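Encoded as structure tokens, the structure appears first; notes follow it.
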Amino acid sequence: MASCCSRLSLTSPFLSKLIAPSRLHHHPSYARLVPLLPPSSLSRLCSATCSAATSIQILCPDAGRSPAIARNVIDVLEERGLIESLTHEDIKAACARPFSTPVKVYCGFDPTAESLHLGNLLGLIVLSWFQRCGHVPFALLGGATVRVGDPSGKSVERPTLDEDTIERNLKGVVANIEKVLKVRENGSSENAWQSEEGMRMHPARVLNNYEWWSKFSLLQFLRDVGKHARVGTMMSKESVKTRLNSEEGMSFTEFSYQLLQGYDFVHLYKNEGVSIQLGGSDQWGNIISGTDLIKKLLHQGAAAYGLTFPLLLKSDGTKFGKSEGGAIWLSPSMLSPYKFYQHLFATPDADVIMFLKRLTFLSLQEIEELERAMSLPAYIANSAQRKLAEEVTRFVHGEEGLEEAVRATAALAPGGTTQLDWRSMEAIAADLPSFSTSLSSVEGAALVDLCVSSGLSASKGAARRLIKQGGLYVNNLKIEDEGKIIGQEDIVDGKMLLLSAGKKNKMVIRLQ
């Protein structure tokens, strides 16, 4: 239905009888009507009712009902602060016809670890926006480039990974990608489908650049790629200049990385029809290498585009994807959904609105309403943070992961009313400090003694002061008696109990 008009006049008597104009594109009658009309009739209907003066924008029948699909993806990304730089301003025109000529777009992910982290999530978010707006996303695994190492943003050269580690990392990264993007399975059709929300979406493709680099000889690389690379231009890249001016310096291996990434774009452009490369702002130089090579090798640079998105930084300039314990991993085996949720929930007020725009698919209207609510006296503290944590955890870990995170959060809330059970505590125990001892040594013991032996408190005096201040909890129940003795009723299912010193310091006591 590429020929169908996407702007339908309110003056059409046929449609105005169905529903009030302000609710037209939401009404189920529209969805029921469209399949009943043959393409020729539908095309005539659209043509007959199209009026630039009195029209409102709705979706073509084959485009679904998502507001995002009715708009240019570049506009969507700009509004949400997801564009740092563009190689060509006419990229917007290239993305203007998703129903007839969807663009193919890719973002690369080097498998340097068994999981992607929160900083990588922006690449998946932007790919997902392209997918939701009717375009075709490609996720490129750096099975070859990870053997070289990207110097961008690095002060020292990455350690060399062995083959087994690379293969293990590739499996983990693929699992991350398949969790958040609808991926085309091997042998399946490339046809678009409609999501539950009625959006027309193309399945994502996952490729590995080792597939072509493993067949590329050094002589072929020097002749076909190196010949077109100017050393002066390569040395002017910020990632190169920074390293050359450091004590560490830069190896030839790292220096050549930009050519490998650049040729990836050439290969995808030539063999898959991919015309847009995405990357973080630190990838600008590598992306330019790709568009330049396409221009020199294929003489078609005008049709190849680059788009960078800003790095995920907090208002104080620190990386949002890092914590005191290291990276915020996307794989549940490396970081539980509970810990992931908690990191997002801890977002400062100064940053939460920006991250809602960049990391979620909530409408801007809903985000603006949250922002207005934050300034009102009746605002419930951390409501915006809770929404951010829920939306991003659902996107990364699915509904089950979100439910697990919410249950754990409720179970660990001091003073909360959630009934603790052994299985719930076991699920969250891996995320908390724990202490193992015998049941006989705990039952009948003084609470202050247990606080010291478990390491929760430095001394009995410190434990008593905590009780006086109302900050010591057993299984989320506040303790007011300094002489509290642990009884059978305090031990959850005869196997565990939870001690809390304030809101953040917790200790799981495992009983054997």
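Lettering and numbering for the structure tokens are positional, with chains as A, B, ... in the shown order, residues counted from 1 in each chain, and ligands counted from 1 in the shown order.
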Write out as a PDB file with N, CA and C atoms, in the first residue's frame each polymer residue whose atoms come within 12 Å of Lys171 in chain A, counting only C-alpha atoms; drop sequence neighbours fewer than 6 positions from it.
ATOM      1  N   ASP A 110      31.283  -4.581  19.382  1.00  0.00           N
ATOM      2  CA  ASP A 110      32.418  -5.480  19.567  1.00  0.00           C
ATOM      3  C   ASP A 110      32.203  -6.306  20.833  1.00  0.00           C
ATOM      4  N   PRO A 111      32.339  -7.636  20.753  1.00  0.00           N
ATOM      5  CA  PRO A 111      32.105  -8.499  21.924  1.00  0.00           C
ATOM      6  C   PRO A 111      33.305  -8.519  22.870  1.00  0.00           C
ATOM      7  N   THR A 112      33.547  -7.416  23.549  1.00  0.00           N
ATOM      8  CA  THR A 112      34.676  -7.319  24.475  1.00  0.00           C
ATOM      9  C   THR A 112      34.371  -7.960  25.825  1.00  0.00           C
ATOM     10  N   ALA A 113      33.113  -8.279  26.082  1.00  0.00           N
ATOM     11  CA  ALA A 113      32.696  -8.933  27.328  1.00  0.00           C
ATOM     12  C   ALA A 113      31.528  -9.859  27.013  1.00  0.00           C
ATOM     13  N   GLU A 114      31.118 -10.646  28.001  1.00  0.00           N
ATOM     14  CA  GLU A 114      30.020 -11.595  27.793  1.00  0.00           C
ATOM     15  C   GLU A 114      28.663 -10.917  27.710  1.00  0.00           C
ATOM     16  N   SER A 115      28.620  -9.630  27.933  1.00  0.00           N
ATOM     17  CA  SER A 115      27.363  -8.892  27.902  1.00  0.00           C
ATOM     18  C   SER A 115      27.616  -7.473  27.432  1.00  0.00           C
ATOM     19  N   LEU A 116      26.608  -6.893  26.802  1.00  0.00           N
ATOM     20  CA  LEU A 116      26.617  -5.456  26.580  1.00  0.00           C
ATOM     21  C   LEU A 116      26.295  -4.777  27.907  1.00  0.00           C
ATOM     22  N   LEU A 141      28.046  -7.627  14.691  1.00  0.00           N
ATOM     23  CA  LEU A 141      28.951  -8.124  15.716  1.00  0.00           C
ATOM     24  C   LEU A 141      30.386  -7.999  15.229  1.00  0.00           C
ATOM     25  N   GLY A 143      33.155  -9.647  15.427  1.00  0.00           N
ATOM     26  CA  GLY A 143      33.948 -10.849  15.652  1.00  0.00           C
ATOM     27  C   GLY A 143      35.367 -10.724  15.137  1.00  0.00           C
ATOM     28  N   ASP A 164      38.294 -18.818  22.519  1.00  0.00           N
ATOM     29  CA  ASP A 164      37.178 -19.304  23.339  1.00  0.00           C
ATOM     30  C   ASP A 164      36.434 -18.145  24.001  1.00  0.00           C
ATOM     31  N   THR A 165      37.190 -17.163  24.470  1.00  0.00           N
ATOM     32  CA  THR A 165      36.570 -16.001  25.112  1.00  0.00           C
ATOM     33  C   THR A 165      35.731 -15.220  24.114  1.00  0.00           C
ATOM     34  N   ILE A 177      21.021  -8.735  22.222  1.00  0.00           N
ATOM     35  CA  ILE A 177      20.390  -8.108  21.063  1.00  0.00           C
ATOM     36  C   ILE A 177      19.032  -8.745  20.776  1.00  0.00           C
ATOM     37  N   GLU A 178      18.986 -10.074  20.821  1.00  0.00           N
ATOM     38  CA  GLU A 178      17.737 -10.769  20.522  1.00  0.00           C
ATOM     39  C   GLU A 178      16.671 -10.501  21.580  1.00  0.00           C
ATOM     40  N   VAL A 206      21.224  -9.798  12.309  1.00  0.00           N
ATOM     41  CA  VAL A 206      22.458  -9.833  13.094  1.00  0.00           C
ATOM     42  C   VAL A 206      23.541 -10.477  12.241  1.00  0.00           C
ATOM     43  N   ASN A 208      28.021 -10.873  11.506  1.00  0.00           N
ATOM     44  CA  ASN A 208      29.329 -10.899  12.157  1.00  0.00           C
ATOM     45  C   ASN A 208      30.386 -10.533  11.119  1.00  0.00           C
ATOM     46  N   SER A 331      23.036  -8.465  30.737  1.00  0.00           N
ATOM     47  CA  SER A 331      22.753  -9.890  30.919  1.00  0.00           C
ATOM     48  C   SER A 331      22.394 -10.183  32.371  1.00  0.00           C
TER      49      SER A 331
END
Task: Spatial neighbours of Asp421 in chain A, max dist 9 Å, only C-alpha atoms, sep filter under 6 positions, as number ranges by chain - done: A: 492-493, 496
TODO: Name the closest residue to Val448 in chain A among the candidates A:Val474, A:Leu420, A:Val146, A:Glu482; distances are taken between atoms, counting only C-alpha atoms.
DONE: A:Glu482
Sort by chain and increasing residue number a table of all residues of range 100-164 of chain A within 12 Å of range 396-410 of chain A, each with its closest pair of atoms and their distance in Å to one decimal, counting only C-alpha atoms, and write it as JSON lines.
{"residue": "A:Ser115", "atom": "CA", "partner": "A:Val396", "partner_atom": "CA", "distance": 11.9}
{"residue": "A:Leu116", "atom": "CA", "partner": "A:Val396", "partner_atom": "CA", "distance": 10.8}
{"residue": "A:His117", "atom": "CA", "partner": "A:Val396", "partner_atom": "CA", "distance": 10.6}
{"residue": "A:Leu118", "atom": "CA", "partner": "A:Val396", "partner_atom": "CA", "distance": 9.7}
{"residue": "A:Asn120", "atom": "CA", "partner": "A:Val396", "partner_atom": "CA", "distance": 11.7}
{"residue": "A:Leu121", "atom": "CA", "partner": "A:Val396", "partner_atom": "CA", "distance": 8.7}
{"residue": "A:Leu122", "atom": "CA", "partner": "A:Val396", "partner_atom": "CA", "distance": 11.7}
{"residue": "A:Leu124", "atom": "CA", "partner": "A:Val396", "partner_atom": "CA", "distance": 10.0}
{"residue": "A:Ile125", "atom": "CA", "partner": "A:Val396", "partner_atom": "CA", "distance": 10.3}
Counting only C-alpha atoms, what is within 7 Å of Ile287 in chain A, bar same-chain residues fewer than 5 positions away, as a PDB file with C-alpha atoms, in the first residue's frame?
ATOM      1  CA  GLY A 262      35.231   1.834   7.580  1.00  0.00           C
ATOM      2  CA  GLN A 277      25.783   3.756  10.195  1.00  0.00           C
ATOM      3  CA  GLY A 306      26.424   8.553   9.450  1.00  0.00           C
TER       4      GLY A 306
END
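Each of A:Ala378, A:Val240, A:Val225, A:Leu359 was checked against Leu77 in chain A using only C-alpha atoms; the smallest atom-to-atom distance is that of A:Leu359.
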Open item on the list: Which residues are close to Pro159 in chain A, i.e. within 10 Å by only C-alpha atoms, leaving aside same-chain residues fewer than 6 positions away? Reply as a list of chain:residue names.
Closed with: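 The neighbour list is A:Thr112, A:Arg147, A:Val148, A:Gly149.
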Selection export as a PDB file, in the first residue's frame, atoms kept: N, CA and C atoms:
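After the write, part_3.pdb holds the following:
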ATOM      1  N   THR A 112      33.547  -7.416  23.549  1.00  0.00           N
ATOM      2  CA  THR A 112      34.676  -7.319  24.475  1.00  0.00           C
ATOM      3  C   THR A 112      34.371  -7.960  25.825  1.00  0.00           C
ATOM      4  N   ARG A 147      39.281  -8.496  17.663  1.00  0.00           N
ATOM      5  CA  ARG A 147      40.642  -9.028  17.692  1.00  0.00           C
ATOM      6  C   ARG A 147      41.683  -7.928  17.504  1.00  0.00           C
ATOM      7  N   VAL A 148      41.219  -6.756  17.067  1.00  0.00           N
ATOM      8  CA  VAL A 148      42.106  -5.615  16.844  1.00  0.00           C
ATOM      9  C   VAL A 148      42.007  -4.634  18.007  1.00  0.00           C
ATOM     10  N   GLY A 149      40.795  -4.269  18.377  1.00  0.00           N
ATOM     11  CA  GLY A 149      40.577  -3.365  19.510  1.00  0.00           C
ATOM     12  C   GLY A 149      40.403  -1.930  19.082  1.00  0.00           C
TER      13      GLY A 149
END
- [ ] Could you find all residues in range 247-452 of chain A that DSSP calls strand (DSSP E or B) from the backbone, and write them as a ChimeraX atom specification?
- [x] /A:276-280,305-309,313,319,322-323,326-327,329,434-437,446
Please produce a file of the residues just selected, as a PDB file, in the first residue's frame, where the atoms kept are N, CA and C atoms.
ATOM      1  N   ILE A 276      23.041   3.652   6.289  1.00  0.00           N
ATOM      2  CA  ILE A 276      23.258   4.496   7.467  1.00  0.00           C
ATOM      3  C   ILE A 276      24.023   3.711   8.523  1.00  0.00           C
ATOM      4  N   GLN A 277      25.065   4.334   9.058  1.00  0.00           N
ATOM      5  CA  GLN A 277      25.783   3.756  10.195  1.00  0.00           C
ATOM      6  C   GLN A 277      25.528   4.607  11.437  1.00  0.00           C
ATOM      7  N   LEU A 278      25.217   3.936  12.540  1.00  0.00           N
ATOM      8  CA  LEU A 278      25.000   4.596  13.824  1.00  0.00           C
ATOM      9  C   LEU A 278      26.191   4.349  14.744  1.00  0.00           C
ATOM     10  N   GLY A 279      26.387   5.252  15.684  1.00  0.00           N
ATOM     11  CA  GLY A 279      27.433   5.048  16.676  1.00  0.00           C
ATOM     12  C   GLY A 279      27.413   6.143  17.716  1.00  0.00           C
ATOM     13  N   GLY A 280      28.089   5.896  18.831  1.00  0.00           N
ATOM     14  CA  GLY A 280      28.230   6.923  19.847  1.00  0.00           C
ATOM     15  C   GLY A 280      29.082   8.061  19.324  1.00  0.00           C
ATOM     16  N   TYR A 305      25.266   7.521   4.841  1.00  0.00           N
ATOM     17  CA  TYR A 305      25.117   8.501   5.909  1.00  0.00           C
ATOM     18  C   TYR A 305      25.653   7.962   7.234  1.00  0.00           C
ATOM     19  N   GLY A 306      26.024   8.898   8.096  1.00  0.00           N
ATOM     20  CA  GLY A 306      26.424   8.553   9.450  1.00  0.00           C
ATOM     21  C   GLY A 306      25.638   9.372  10.453  1.00  0.00           C
ATOM     22  N   LEU A 307      25.297   8.752  11.567  1.00  0.00           N
ATOM     23  CA  LEU A 307      24.554   9.424  12.638  1.00  0.00           C
ATOM     24  C   LEU A 307      25.175   9.009  13.961  1.00  0.00           C
ATOM     25  N   THR A 308      25.551   9.982  14.770  1.00  0.00           N
ATOM     26  CA  THR A 308      26.050   9.655  16.107  1.00  0.00           C
ATOM     27  C   THR A 308      25.070  10.147  17.162  1.00  0.00           C
ATOM     28  N   PHE A 309      25.003   9.397  18.247  1.00  0.00           N
ATOM     29  CA  PHE A 309      24.171   9.778  19.384  1.00  0.00           C
ATOM     30  C   PHE A 309      25.088  10.126  20.555  1.00  0.00           C
ATOM     31  N   LEU A 313      25.741  10.251  29.612  1.00  0.00           N
ATOM     32  CA  LEU A 313      26.405  10.943  30.714  1.00  0.00           C
ATOM     33  C   LEU A 313      25.388  11.577  31.653  1.00  0.00           C
ATOM     34  N   LYS A 319      29.853   8.912  33.592  1.00  0.00           N
ATOM     35  CA  LYS A 319      29.116   7.967  32.761  1.00  0.00           C
ATOM     36  C   LYS A 319      27.966   7.339  33.548  1.00  0.00           C
ATOM     37  N   LYS A 322      28.050   3.289  34.394  1.00  0.00           N
ATOM     38  CA  LYS A 322      29.022   2.750  35.344  1.00  0.00           C
ATOM     39  C   LYS A 322      28.500   2.912  36.767  1.00  0.00           C
ATOM     40  N   SER A 323      28.954   2.042  37.651  1.00  0.00           N
ATOM     41  CA  SER A 323      28.647   2.175  39.068  1.00  0.00           C
ATOM     42  C   SER A 323      29.917   1.881  39.844  1.00  0.00           C
ATOM     43  N   GLY A 326      31.323  -1.387  38.943  1.00  0.00           N
ATOM     44  CA  GLY A 326      31.700  -1.638  37.559  1.00  0.00           C
ATOM     45  C   GLY A 326      30.565  -1.322  36.606  1.00  0.00           C
ATOM     46  N   ALA A 327      30.588  -1.977  35.442  1.00  0.00           N
ATOM     47  CA  ALA A 327      29.598  -1.710  34.404  1.00  0.00           C
ATOM     48  C   ALA A 327      28.216  -2.213  34.817  1.00  0.00           C
ATOM     49  N   TRP A 329      25.628  -4.214  33.539  1.00  0.00           N
ATOM     50  CA  TRP A 329      25.482  -5.192  32.463  1.00  0.00           C
ATOM     51  C   TRP A 329      24.015  -5.429  32.112  1.00  0.00           C
ATOM     52  N   SER A 434      26.387 -11.676  52.211  1.00  0.00           N
ATOM     53  CA  SER A 434      25.768 -12.770  52.954  1.00  0.00           C
ATOM     54  C   SER A 434      26.751 -13.347  53.969  1.00  0.00           C
ATOM     55  N   PHE A 435      26.190 -14.014  54.940  1.00  0.00           N
ATOM     56  CA  PHE A 435      26.978 -14.610  56.021  1.00  0.00           C
ATOM     57  C   PHE A 435      26.353 -15.961  56.335  1.00  0.00           C
ATOM     58  N   SER A 436      27.160 -17.004  56.337  1.00  0.00           N
ATOM     59  CA  SER A 436      26.657 -18.355  56.596  1.00  0.00           C
ATOM     60  C   SER A 436      27.065 -18.815  57.989  1.00  0.00           C
ATOM     61  N   THR A 437      26.125 -19.402  58.681  1.00  0.00           N
ATOM     62  CA  THR A 437      26.389 -19.921  60.020  1.00  0.00           C
ATOM     63  C   THR A 437      25.360 -21.007  60.322  1.00  0.00           C
ATOM     64  N   ALA A 446      21.764 -12.947  70.792  1.00  0.00           N
ATOM     65  CA  ALA A 446      21.424 -11.524  70.860  1.00  0.00           C
ATOM     66  C   ALA A 446      21.600 -10.901  69.476  1.00  0.00           C
TER      67      ALA A 446
END
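In this structure, CA of Leu181 in chain A sits 15.1 Å away from CA of Glu391 in chain A.
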Open item on the list: Applying 8 Å and only C-alpha atoms, which residues near range 90-94 of chain A remain after dropping the ones on its own chain fewer than 6 positions away? List them as number ranges by chain.
Closed with: A: 72-75, 103, 305
TODO: Mind checking which residues fall within 12 Å of Ala304 in chain A, counting only C-alpha atoms, ignoring those fewer than 4 positions away in the same chain, and posting them as a VMD selection string?
DONE: chain A and resid 86 to 91 94 103 to 106 262 265 to 266 268 to 270 273 to 278 287 to 296 298 to 300
TODO: Apply DSSP to the backbone of this structure and, from range 251-450 of chain A, keep only the residues in helix (DSSP H, G or I); write these as a PyMOL selection string.
DONE: chain A and resi 252-255+257-272+281-298+301-303+337-345+349-359+364-374+383-411+422-429+439-442+447-450
